[in-house]
file data19.cif (mmCIF, C-alpha atoms)
data_query
loop_
_atom_site.label_atom_id
_atom_site.label_comp_id
_atom_site.auth_asym_id
_atom_site.auth_seq_id
_atom_site.Cartn_x
_atom_site.Cartn_y
_atom_site.Cartn_z
CA MET A 1 9.39 -17.84 -15.05
CA GLY A 2 7.95 -20.82 -13.20
CA HIS A 3 7.57 -18.82 -10.00
CA GLN A 4 4.63 -16.71 -11.13
CA ILE A 5 1.44 -16.43 -9.10
CA ALA A 6 -1.74 -15.34 -10.90
CA ILE A 7 -3.53 -12.18 -9.77
CA THR A 8 -7.21 -12.46 -10.62
CA GLY A 9 -8.80 -9.61 -8.67
CA MET A 10 -8.00 -6.28 -7.06
CA GLY A 11 -9.77 -3.64 -5.00
CA ILE A 12 -8.80 -0.27 -3.58
CA ILE A 13 -10.02 2.80 -1.75
CA SER A 14 -7.75 5.83 -1.33
CA SER A 15 -7.89 9.60 -1.25
CA ILE A 16 -8.01 9.65 -5.06
CA GLY A 17 -10.88 7.21 -5.50
CA ASN A 18 -13.28 4.77 -3.87
CA ASN A 19 -12.57 1.91 -6.29
CA VAL A 20 -10.11 0.83 -8.98
CA GLU A 21 -11.76 2.80 -11.78
CA GLU A 22 -11.84 6.07 -9.81
CA ASN A 23 -8.19 5.67 -8.82
CA LEU A 24 -7.23 5.07 -12.46
CA ILE A 25 -9.05 8.21 -13.62
CA SER A 26 -7.26 10.31 -10.98
CA LEU A 27 -3.86 8.86 -11.91
CA GLN A 28 -4.48 9.54 -15.59
CA SER A 29 -5.70 13.09 -15.01
CA GLY A 30 -3.06 14.03 -12.43
CA LYS A 31 -5.67 14.66 -9.74
CA HIS A 32 -4.10 14.23 -6.29
CA GLY A 33 -5.91 13.64 -3.00
CA ILE A 34 -3.77 15.68 -0.62
CA SER A 35 -5.93 18.13 1.34
CA ASP A 36 -6.66 19.73 4.69
CA ILE A 37 -7.97 17.44 7.43
CA GLU A 38 -11.76 17.40 7.72
CA LEU A 39 -12.91 14.17 9.34
CA PHE A 40 -11.04 13.79 12.63
CA GLU A 41 -10.27 16.15 15.46
CA THR A 42 -6.68 17.27 15.78
CA ARG A 43 -4.89 20.47 16.70
CA HIS A 44 -3.09 20.21 13.36
CA VAL A 45 -6.19 21.05 11.28
CA GLY A 46 -5.20 23.69 8.76
CA ALA A 47 -1.49 23.17 9.42
CA ILE A 48 -0.88 19.65 8.11
CA LYS A 49 -2.24 18.19 4.88
CA THR A 50 -3.06 14.50 4.47
CA GLY A 51 -4.38 12.04 1.92
CA GLU A 52 -7.75 11.78 3.67
CA ILE A 53 -10.62 9.75 2.22
CA LYS A 54 -13.60 12.10 2.28
CA LEU A 55 -16.10 9.54 3.55
CA SER A 56 -17.10 9.50 7.21
CA ASN A 57 -17.26 6.27 9.17
CA GLU A 58 -21.05 6.53 9.04
CA GLU A 59 -20.97 6.76 5.25
CA LEU A 60 -18.62 3.76 5.05
CA VAL A 61 -20.96 1.78 7.32
CA GLN A 62 -23.86 2.62 4.99
CA LYS A 63 -21.88 1.57 1.91
CA LEU A 64 -21.13 -1.77 3.56
CA GLN A 65 -24.71 -2.12 4.86
CA LEU A 66 -23.54 -2.79 8.40
CA PRO A 67 -25.76 -2.37 11.47
CA GLU A 68 -25.47 1.05 13.10
CA ASP A 69 -24.60 -0.54 16.44
CA ASN A 70 -21.11 -1.86 15.63
CA ASN A 71 -17.58 -1.54 16.92
CA VAL A 72 -15.86 -1.63 13.52
CA THR A 73 -12.81 0.62 13.20
CA ARG A 74 -12.11 2.89 10.26
CA THR A 75 -9.14 0.70 9.36
CA SER A 76 -11.48 -2.29 9.12
CA LEU A 77 -14.14 -0.36 7.20
CA LEU A 78 -11.65 0.68 4.53
CA GLY A 79 -10.30 -2.87 4.35
CA MET A 80 -13.79 -4.29 3.91
CA ILE A 81 -14.50 -1.92 1.01
CA ALA A 82 -11.30 -2.86 -0.83
CA ALA A 83 -11.43 -6.59 -0.10
CA GLN A 84 -15.04 -6.79 -1.24
CA GLU A 85 -14.12 -5.15 -4.56
CA ALA A 86 -11.16 -7.51 -5.00
CA VAL A 87 -13.30 -10.61 -4.45
CA LYS A 88 -15.97 -9.32 -6.84
CA SER A 89 -13.29 -8.41 -9.40
CA ALA A 90 -12.00 -11.99 -9.24
CA GLY A 91 -15.47 -13.33 -10.02
CA ILE A 92 -15.63 -15.33 -6.78
CA SER A 93 -19.15 -16.39 -5.85
CA ASP A 94 -18.28 -19.04 -3.23
CA ILE A 95 -15.33 -17.78 -1.25
CA ASN A 96 -14.90 -21.11 0.55
CA GLN A 97 -15.02 -23.30 -2.58
CA TYR A 98 -11.25 -23.74 -2.50
CA LYS A 99 -8.69 -23.53 0.28
CA THR A 100 -8.84 -19.78 0.70
CA GLY A 101 -7.12 -17.47 3.16
CA LEU A 102 -6.76 -13.80 4.02
CA ILE A 103 -3.40 -12.22 4.81
CA SER A 104 -4.09 -8.63 5.79
CA SER A 105 -1.76 -6.01 7.17
CA THR A 106 -2.03 -2.85 9.23
CA SER A 107 0.11 -0.60 11.37
CA VAL A 108 -2.62 1.57 12.92
CA GLY A 109 -5.16 -1.16 13.68
CA GLY A 110 -8.03 0.21 15.76
CA MET A 111 -6.17 3.22 17.10
CA ASP A 112 -8.82 5.62 15.80
CA ILE A 113 -11.39 4.08 18.15
CA THR A 114 -8.95 3.57 21.02
CA GLU A 115 -7.94 7.23 21.10
CA LYS A 116 -11.62 8.21 21.01
CA TYR A 117 -12.84 6.03 23.86
CA PHE A 118 -9.73 5.28 25.94
CA TYR A 119 -10.68 7.59 28.81
CA SER A 120 -14.27 6.32 28.82
CA TYR A 121 -13.60 2.62 29.34
CA GLU A 122 -13.40 2.69 33.13
CA ASN A 123 -16.44 4.85 33.83
CA PHE A 124 -18.65 3.89 30.90
CA PRO A 125 -18.94 0.07 30.63
CA GLU A 126 -21.05 0.38 27.48
CA LYS A 127 -17.96 1.72 25.72
CA GLN A 128 -15.88 -1.35 26.58
CA LYS A 129 -17.11 -3.17 23.48
CA TYR A 130 -14.63 -1.03 21.56
CA ILE A 131 -11.61 -2.46 23.39
CA ASP A 132 -11.55 -5.60 21.25
CA ALA A 133 -11.30 -3.50 18.09
CA HIS A 134 -7.90 -2.06 19.08
CA ASP A 135 -5.85 -5.15 18.22
CA ALA A 136 -4.30 -5.17 14.74
CA GLY A 137 -5.51 -8.72 14.15
CA ASN A 138 -9.08 -7.67 14.80
CA SER A 139 -9.16 -5.79 11.50
CA SER A 140 -8.24 -8.97 9.61
CA LEU A 141 -10.86 -11.02 11.43
CA THR A 142 -13.50 -8.36 10.77
CA ILE A 143 -12.70 -8.30 7.04
CA ALA A 144 -12.74 -12.10 6.85
CA ASP A 145 -16.05 -12.26 8.67
CA TYR A 146 -17.58 -9.68 6.33
CA LEU A 147 -16.44 -11.73 3.32
CA GLY A 148 -17.78 -14.93 4.87
CA LEU A 149 -14.32 -16.47 4.78
CA LYS A 150 -13.88 -19.55 6.97
CA GLY A 151 -10.27 -20.35 6.06
CA MET A 152 -6.89 -19.19 7.30
CA VAL A 153 -6.60 -15.58 8.52
CA SER A 154 -3.32 -13.90 9.43
CA THR A 155 -2.07 -10.37 10.09
CA ILE A 156 1.27 -8.79 9.23
CA SER A 157 2.58 -5.55 10.69
CA THR A 158 6.03 -4.49 9.46
CA ALA A 159 5.32 -0.78 9.24
CA CYS A 160 5.31 0.60 5.70
CA SER A 161 6.30 -2.67 4.01
CA SER A 162 3.42 -4.58 5.62
CA ALA A 163 1.21 -5.12 2.56
CA ALA A 164 4.20 -6.22 0.46
CA ASN A 165 5.03 -8.86 3.06
CA ALA A 166 1.37 -9.93 3.15
CA ILE A 167 1.46 -10.38 -0.63
CA MET A 168 4.68 -12.37 -0.36
CA MET A 169 3.31 -14.59 2.37
CA GLY A 170 0.20 -15.29 0.30
CA ALA A 171 2.32 -16.27 -2.70
CA LYS A 172 4.40 -18.65 -0.60
CA LEU A 173 1.29 -20.28 0.86
CA ILE A 174 0.06 -21.02 -2.66
CA LYS A 175 3.46 -22.24 -3.85
CA ASN A 176 3.73 -24.64 -0.96
CA GLY A 177 0.22 -26.02 -1.48
CA VAL A 178 -1.13 -24.71 1.82
CA LEU A 179 -3.81 -22.61 0.09
CA ASP A 180 -5.31 -22.44 -3.39
CA ARG A 181 -6.37 -18.82 -3.19
CA VAL A 182 -5.35 -15.92 -0.94
CA ILE A 183 -6.71 -12.41 -0.51
CA VAL A 184 -3.70 -10.24 0.33
CA GLY A 185 -3.10 -6.57 1.04
CA GLY A 186 -3.30 -3.91 3.70
CA THR A 187 -5.39 -1.21 5.31
CA ASP A 188 -4.68 1.80 7.49
CA SER A 189 -6.73 4.80 8.53
CA LEU A 190 -5.54 8.18 9.67
CA SER A 191 -5.43 8.80 13.40
CA LYS A 192 -4.11 11.36 15.84
CA PHE A 193 -1.66 8.74 17.09
CA THR A 194 0.12 8.36 13.76
CA LEU A 195 -0.15 12.01 12.79
CA ASN A 196 1.44 13.12 16.08
CA GLY A 197 4.03 10.35 15.90
CA PHE A 198 5.26 11.25 12.42
CA ASN A 199 5.14 14.93 13.31
CA THR A 200 7.39 14.22 16.29
CA LEU A 201 9.85 12.53 13.94
CA MET A 202 9.88 15.80 11.98
CA ILE A 203 9.34 14.07 8.64
CA LEU A 204 6.01 15.66 7.68
CA THR A 205 5.89 18.47 5.15
CA ASP A 206 3.80 21.58 5.76
CA SER A 207 2.77 21.56 2.09
CA TYR A 208 2.56 18.91 -0.66
CA ASN A 209 5.12 16.12 -0.76
CA THR A 210 7.72 16.25 -3.54
CA PRO A 211 9.28 12.79 -4.06
CA PHE A 212 12.88 12.70 -5.33
CA ASP A 213 13.06 16.48 -5.47
CA ASN A 214 16.22 18.12 -4.18
CA ASN A 215 14.12 20.44 -2.00
CA ARG A 216 11.82 17.77 -0.56
CA LYS A 217 10.79 18.44 3.03
CA GLY A 218 8.86 15.35 4.07
CA LEU A 219 5.78 13.24 3.54
CA ASN A 220 2.01 13.65 3.72
CA LEU A 221 0.32 10.86 5.64
CA GLY A 222 -2.58 9.16 3.91
CA GLU A 223 -5.18 6.50 4.51
CA ALA A 224 -6.16 3.68 2.17
CA ALA A 225 -6.82 0.00 1.70
CA ALA A 226 -6.07 -2.34 -1.18
CA PHE A 227 -6.23 -6.08 -1.73
CA LEU A 228 -5.28 -8.51 -4.47
CA VAL A 229 -6.64 -12.00 -5.07
CA LEU A 230 -3.85 -14.50 -5.72
CA GLU A 231 -4.79 -17.90 -7.17
CA SER A 232 -2.96 -21.09 -8.07
CA ASP A 233 -2.51 -22.25 -11.64
CA GLU A 234 -4.87 -25.13 -10.93
CA VAL A 235 -7.74 -22.85 -9.90
CA VAL A 236 -7.10 -20.46 -12.79
CA LYS A 237 -7.23 -23.33 -15.30
CA LYS A 238 -10.20 -25.08 -13.71
CA GLU A 239 -12.28 -21.89 -13.51
CA ASN A 240 -10.95 -20.48 -16.81
CA LYS A 241 -10.08 -17.32 -14.92
CA LYS A 242 -9.05 -14.02 -16.46
CA VAL A 243 -5.61 -13.12 -15.12
CA LEU A 244 -4.97 -9.42 -14.49
CA ALA A 245 -1.22 -9.86 -14.02
CA TYR A 246 1.29 -12.15 -12.35
CA LEU A 247 3.35 -11.76 -9.23
CA SER A 248 6.62 -12.92 -10.69
CA GLY A 249 9.14 -11.88 -8.06
CA TYR A 250 9.44 -10.81 -4.46
CA GLY A 251 12.10 -10.29 -1.84
CA ASN A 252 12.57 -8.73 1.55
CA ALA A 253 15.51 -7.88 3.75
CA ASN A 254 16.14 -6.17 7.05
CA ASP A 255 19.38 -4.28 7.40
CA ALA A 256 18.50 -3.31 11.02
CA HIS A 257 20.31 -0.04 10.43
CA HIS A 258 18.12 2.21 12.60
CA GLN A 259 14.69 2.31 14.22
CA THR A 260 13.34 4.73 11.62
CA ALA A 261 16.07 5.76 9.15
CA SER A 262 17.13 3.96 5.99
CA SER A 263 20.81 3.04 5.65
CA GLU A 264 23.07 5.50 3.83
CA ASN A 265 24.07 2.93 1.21
CA GLY A 266 20.53 1.59 0.72
CA GLN A 267 21.57 -1.89 1.81
CA GLY A 268 18.12 -3.19 2.75
CA ALA A 269 16.54 -1.86 -0.43
CA TYR A 270 19.42 -3.25 -2.50
CA LEU A 271 19.07 -6.73 -0.99
CA ALA A 272 15.27 -6.75 -1.42
CA MET A 273 15.47 -5.77 -5.10
CA GLN A 274 18.28 -8.25 -5.70
CA GLN A 275 16.25 -11.08 -4.16
CA ALA A 276 13.07 -10.15 -6.07
CA LEU A 277 14.95 -10.24 -9.38
CA LYS A 278 16.44 -13.61 -8.46
CA VAL A 279 13.03 -15.10 -7.62
CA SER A 280 11.49 -13.74 -10.82
CA GLY A 281 14.18 -15.17 -13.07
CA LEU A 282 14.26 -11.82 -14.87
CA GLN A 283 17.31 -9.83 -15.78
CA LYS A 284 17.55 -6.28 -14.47
CA GLU A 285 17.27 -5.08 -18.08
CA ASP A 286 13.78 -6.62 -18.23
CA ILE A 287 12.32 -4.13 -15.74
CA ASP A 288 10.39 -1.46 -17.64
CA TYR A 289 9.30 0.74 -14.73
CA ILE A 290 9.87 1.15 -11.00
CA ASN A 291 7.13 2.30 -8.65
CA VAL A 292 9.51 3.69 -6.04
CA HIS A 293 8.77 3.91 -2.33
CA GLY A 294 9.49 7.63 -2.75
CA THR A 295 8.21 9.09 0.50
CA ALA A 296 9.75 12.55 -0.17
CA THR A 297 11.73 12.42 3.07
CA PRO A 298 15.39 13.44 2.76
CA ASN A 299 16.70 10.10 4.04
CA ASN A 300 14.41 7.67 2.18
CA ASP A 301 14.70 9.08 -1.32
CA LEU A 302 18.48 9.34 -1.09
CA SER A 303 18.83 5.79 0.25
CA GLU A 304 16.44 4.34 -2.34
CA GLY A 305 18.15 6.18 -5.19
CA ILE A 306 21.55 4.84 -4.13
CA ALA A 307 20.11 1.31 -3.95
CA MET A 308 18.65 1.58 -7.47
CA ILE A 309 21.99 2.76 -8.81
CA ARG A 310 23.70 -0.18 -7.12
CA ILE A 311 21.29 -2.59 -8.81
CA PHE A 312 20.93 -1.04 -12.26
CA GLY A 313 23.87 1.35 -12.67
CA GLU A 314 23.49 5.13 -12.64
CA ASN A 315 22.91 5.39 -16.38
CA ASN A 316 20.59 2.38 -16.61
CA VAL A 317 17.98 2.90 -13.89
CA PRO A 318 14.57 2.20 -15.46
CA GLU A 319 12.01 4.96 -15.66
CA PHE A 320 10.49 5.49 -12.24
CA SER A 321 8.00 7.58 -10.29
CA SER A 322 6.44 7.80 -6.86
CA THR A 323 2.65 7.84 -6.62
CA LYS A 324 2.71 9.07 -3.01
CA ALA A 325 2.27 12.64 -4.23
CA PHE A 326 -1.21 11.45 -5.29
CA THR A 327 -2.25 9.54 -2.16
CA GLY A 328 0.14 10.43 0.62
CA HIS A 329 2.04 7.73 2.46
CA THR A 330 -0.57 5.20 3.52
CA LEU A 331 1.70 3.16 5.82
CA ALA A 332 0.73 -0.53 5.88
CA ALA A 333 -1.56 -0.05 2.88
CA ALA A 334 1.15 1.56 0.73
CA ALA A 335 2.43 -1.59 -0.97
CA GLY A 336 -1.16 -2.72 -1.52
CA ILE A 337 -2.32 0.39 -3.32
CA GLU A 338 0.93 0.58 -5.27
CA ALA A 339 0.49 -3.04 -6.33
CA VAL A 340 -2.84 -2.01 -7.83
CA PHE A 341 -1.18 1.00 -9.48
CA SER A 342 1.57 -1.25 -10.86
CA ILE A 343 -1.01 -3.56 -12.43
CA LEU A 344 -2.87 -0.58 -13.90
CA THR A 345 0.44 0.63 -15.33
CA MET A 346 0.81 -2.63 -17.26
CA GLN A 347 -2.85 -2.91 -18.26
CA HIS A 348 -2.91 0.57 -19.79
CA ASN A 349 0.76 0.90 -20.80
CA LEU A 350 1.04 4.13 -18.85
CA ILE A 351 3.57 5.52 -16.39
CA PHE A 352 1.81 7.66 -13.82
CA PRO A 353 3.64 10.90 -13.05
CA ASN A 354 5.77 11.85 -10.06
CA LEU A 355 3.82 14.98 -9.15
CA ASN A 356 5.38 18.19 -7.76
CA PHE A 357 8.92 17.43 -8.96
CA LYS A 358 11.02 20.48 -9.90
CA THR A 359 14.70 20.04 -9.09
CA LYS A 360 16.96 17.02 -9.54
CA MET A 361 18.67 15.77 -6.39
CA GLU A 362 22.27 16.91 -6.17
CA GLU A 363 23.58 13.52 -5.02
CA PHE A 364 22.89 11.65 -8.27
CA ASP A 365 21.61 12.01 -11.83
CA LEU A 366 18.15 10.47 -11.39
CA VAL A 367 14.99 12.20 -12.62
CA PRO A 368 11.52 10.64 -12.21
CA VAL A 369 8.81 10.64 -14.87
CA THR A 370 6.86 13.85 -14.28
CA GLU A 371 4.16 13.65 -16.96
CA LEU A 372 1.74 10.87 -17.84
CA LYS A 373 3.68 8.76 -20.31
CA GLU A 374 2.63 6.04 -22.72
CA LYS A 375 5.00 3.09 -22.80
CA SER A 376 4.76 -0.64 -23.39
CA ILE A 377 5.29 -2.13 -19.94
CA ASN A 378 5.69 -5.84 -19.27
CA HIS A 379 7.46 -5.88 -15.89
CA VAL A 380 7.09 -3.48 -12.96
CA LEU A 381 9.25 -3.44 -9.85
CA SER A 382 7.57 -1.91 -6.77
CA ASN A 383 9.44 -0.96 -3.60
CA SER A 384 8.12 -0.60 -0.04
CA PHE A 385 10.33 0.11 2.94
CA GLY A 386 9.38 0.02 6.61
CA PHE A 387 10.79 1.34 9.87
CA GLY A 388 13.56 -0.75 11.34
CA GLY A 389 15.00 -1.41 7.89
CA ASN A 390 12.32 -3.88 6.77
CA CYS A 391 12.56 -3.50 3.00
CA SER A 392 10.36 -5.35 0.51
CA THR A 393 10.22 -5.50 -3.28
CA LEU A 394 7.55 -6.98 -5.54
CA ILE A 395 7.78 -7.60 -9.29
CA PHE A 396 4.61 -7.76 -11.39
CA SER A 397 4.50 -9.11 -14.94
CA LYS A 398 1.97 -9.16 -17.76
CA SER A 399 2.63 -12.81 -18.56
#
call {"tool": "encode", "arguments": {"input": "data19.cif", "output": "structure tokens"}}
result
Amino acid sequence: MGHQIAITGMGIISSIGNNVEENLISLQSGKHGISDIELFETRHVGAIKTGEIKLSNEELVQKLQLPEDNNVTRTSLLGMIAAQEAVKSAGISDINQYKTGLISSTSVGGMDITEKYFYSYENFPEKQKYIDAHDAGNSSLTIADYLGLKGMVSTISTACSSAANAIMMGAKLIKNGVLDRVIVGGTDSLSKFTLNGFNTLMILTDSYNTPFDNNRKGLNLGEAAAFLVLESDEVVKKENKKVLAYLSGYGNANDAHHQTASSENGQGAYLAMQQALKVSGLQKEDIDYINVHGTATPNNDLSEGIAMIRIFGENNVPEFSSTKAFTGHTLAAAAGIEAVFSILTMQHNLIFPNLNFKTKMEEFDLVPVTELKEKSINHVLSNSFGFGGNCSTLIFSKS
């Protein structure tokens, strides 16, 4: 277990809460955040449900005490909220005291502003200040600037596994002595671009998503941001830090099976889980719970289930659930918010339920946990899979 990286802080904002405590209360009470669209214009209002955070950009700006005249995107605003909470949670007063970096991730970037002002840029020069905010890396720089961070800043965009890869990269930077402390995670806002794109792929449900259900019809998109603070053993000992959990294992693989579909035999997911277990030094029997990717699309849940059976055996798959029925699929932020949920699972010895499940899938004998369940949990495996077959797995441990 010499590969562990200490997690000393975490922050989150999602459709089920504006901070860690609010998210925990919703998870415990079974309160989901899937609803009709209210905050952005789209022809799909009333027809498509999403995991929308019910705070306007103006309200987010006020919470962050930013000047009214800004060009900050919603993706950045959400990221700033979550990163600020993570830093505060870690008890960091001087963010530049040690070699500190930020590895953030996004898939949407500043698309919400681009689609709003794109046709104004040529004829309204005063709108051109928003052009810079489009780039995915701009969100990371904006978050770093808000935190006052002067160290390394990098951006990862590997679709829905982005935050997991950001967390992995941060861990490797600490292990190799490049940084002492890294703020890692992801942020994505809802936009017409992504809503229309996923609708074109015909993988959105017209109701509430039902992960691992035989009659699942597709996902609900969501928006969220979440960040963890990773710190080296040296900093933890020197500062006498409280450790929330440890990142004990991680792995990623790309089976390059298809631009959007997962492979039929779950090869990418299988390889990612296999590598994460190897890095952790744990045996597969040590895993107490799996936070599955569980998007409620026909292809993903089948592929992930097959991969879990390949790793654990059909009769030995640990208890599992998908929390996407609470939040929707939050794209690049998904692995970030589910990292927070995984840590909460261990802290409170609770498995959060797989909402909306009714019927077992006909392809295999796997049934998720459907009610809040008390259980002693020491090791959680969390899966996140992206388009193009980019599959990532994280393992979190109590000690």
call {"tool": "resolve_selection", "arguments": {"input": "data19.cif", "expression": "the PyMOL selection byres ((chain A and resi 277-291) around 6)", "output": "MDAnalysis selection string"}}
result
chainID A and resid 1 248:249 274:276 292 318:322 377 379:382
call {"tool": "resolve_selection", "arguments": {"input": "data19.cif", "expression": "the PyMOL selection byres ((chain A and resi 247) around 7)", "output": "PyMOL selection string"}}
result
chain A and resi 4-7+245-246+248-249+395-397
call {"tool": "resolve_selection", "arguments": {"input": "data19.cif", "expression": "the PyMOL selection byres ((chain A and resi 371) around 9)", "output": "list in words"}}
result
Gly30, Ile351, Phe352, Pro353, Asn354, Leu355, Val369, Thr370, Leu372 and Lys373 of chain A
call {"tool": "write_last_selection", "arguments": {"input": "data19.cif", "atoms": "C-alpha atoms", "output": "PDB file, in the coordinates of the input"}}
result
ATOM      1  CA  GLY A  30      -3.060  14.030 -12.430  1.00  0.00           C
ATOM      2  CA  ILE A 351       3.570   5.520 -16.390  1.00  0.00           C
ATOM      3  CA  PHE A 352       1.810   7.660 -13.820  1.00  0.00           C
ATOM      4  CA  PRO A 353       3.640  10.900 -13.050  1.00  0.00           C
ATOM      5  CA  ASN A 354       5.770  11.850 -10.060  1.00  0.00           C
ATOM      6  CA  LEU A 355       3.820  14.980  -9.150  1.00  0.00           C
ATOM      7  CA  VAL A 369       8.810  10.640 -14.870  1.00  0.00           C
ATOM      8  CA  THR A 370       6.860  13.850 -14.280  1.00  0.00           C
ATOM      9  CA  LEU A 372       1.740  10.870 -17.840  1.00  0.00           C
ATOM     10  CA  LYS A 373       3.680   8.760 -20.310  1.00  0.00           C
TER      11      LYS A 373
END
call {"tool": "closest_residue", "arguments": {"input": "data19.cif", "among": "A:Ser93, A:Ala171, A:Asn220, A:Ser76", "to": "Ala47 (chain A)", "atoms": "all atoms listed in the file"}}
result
A:Asn220
call {"tool": "atom_distance", "arguments": {"input": "data19.cif", "atom1": "CA of Ala225 (chain A)", "atom2": "CA of Lys49 (chain A)"}}
result
19.0 Å
call {"tool": "atom_distance", "arguments": {"input": "data19.cif", "atom1": "CA of Leu366 (chain A)", "atom2": "CA of Ser15 (chain A)"}}
result
28.0 Å
call {"tool": "closest_residue", "arguments": {"input": "data19.cif", "among": "A:Met111, A:Ala224, A:Ile103, A:Ala307", "to": "Val72 (chain A)", "atoms": "only C-alpha atoms"}}
result
A:Met111
call {"tool": "residues_near_point", "arguments": {"input": "data19.cif", "point": "(-12.8, -19.2, -10.9)", "cutoff": "10 Å", "atoms": "all atoms listed in the file", "output": "MDAnalysis selection string"}}
result
chainID A and resid 8 90:94 97:98 231 234:242
call {"tool": "atom_distance", "arguments": {"input": "data19.cif", "atom1": "CA of Val20 (chain A)", "atom2": "CA of Ser89 (chain A)"}}
result
9.8 Å
call {"tool": "residues_around", "arguments": {"input": "data19.cif", "residues": "Gly9 (chain A)", "least_positions_apart": "5", "cutoff": "7 Å", "atoms": "all atoms listed in the file", "output": "list in words"}}
result
Ala86, Val87, Ser89, Ala90, Leu228, Val229 and Leu244 of chain A
call {"tool": "write_last_selection", "arguments": {"input": "data19.cif", "atoms": "C-alpha atoms", "output": "compact mmCIF listing (two decimals), keeping the file's coordinate frame"}}
result
# COMPACT_ATOMS: atom_id res chain seq x y z
CA ALA A 86 -11.16 -7.51 -5.00
CA VAL A 87 -13.30 -10.61 -4.45
CA SER A 89 -13.29 -8.41 -9.40
CA ALA A 90 -12.00 -11.99 -9.24
CA LEU A 228 -5.28 -8.51 -4.47
CA VAL A 229 -6.64 -12.00 -5.07
CA LEU A 244 -4.97 -9.42 -14.49
call {"tool": "closest_atom_pairs", "arguments": {"input": "data19.cif", "of": "region 97-168 of chain A", "to": "region 175-181 of chain A", "cutoff": "9 Å", "atoms": "all atoms listed in the file", "output": "tab-separated table"}}
result
residue	atom	partner	partner_atom	distance
A:Tyr98	CA	A:Asp180	CA	6.1
A:Lys99	CA	A:Leu179	CA	5.0
A:Thr100	CA	A:Arg181	CA	4.7
A:Gly101	CA	A:Arg181	CA	6.5
A:Leu102	CA	A:Arg181	CA	8.8
A:Met152	CA	A:Leu179	CA	8.6
call {"tool": "closest_residue", "arguments": {"input": "data19.cif", "among": "A:Leu195, A:Ala339, A:Ile143, A:Ile25", "to": "Glu41 (chain A)", "atoms": "all atoms listed in the file"}}
result
A:Leu195
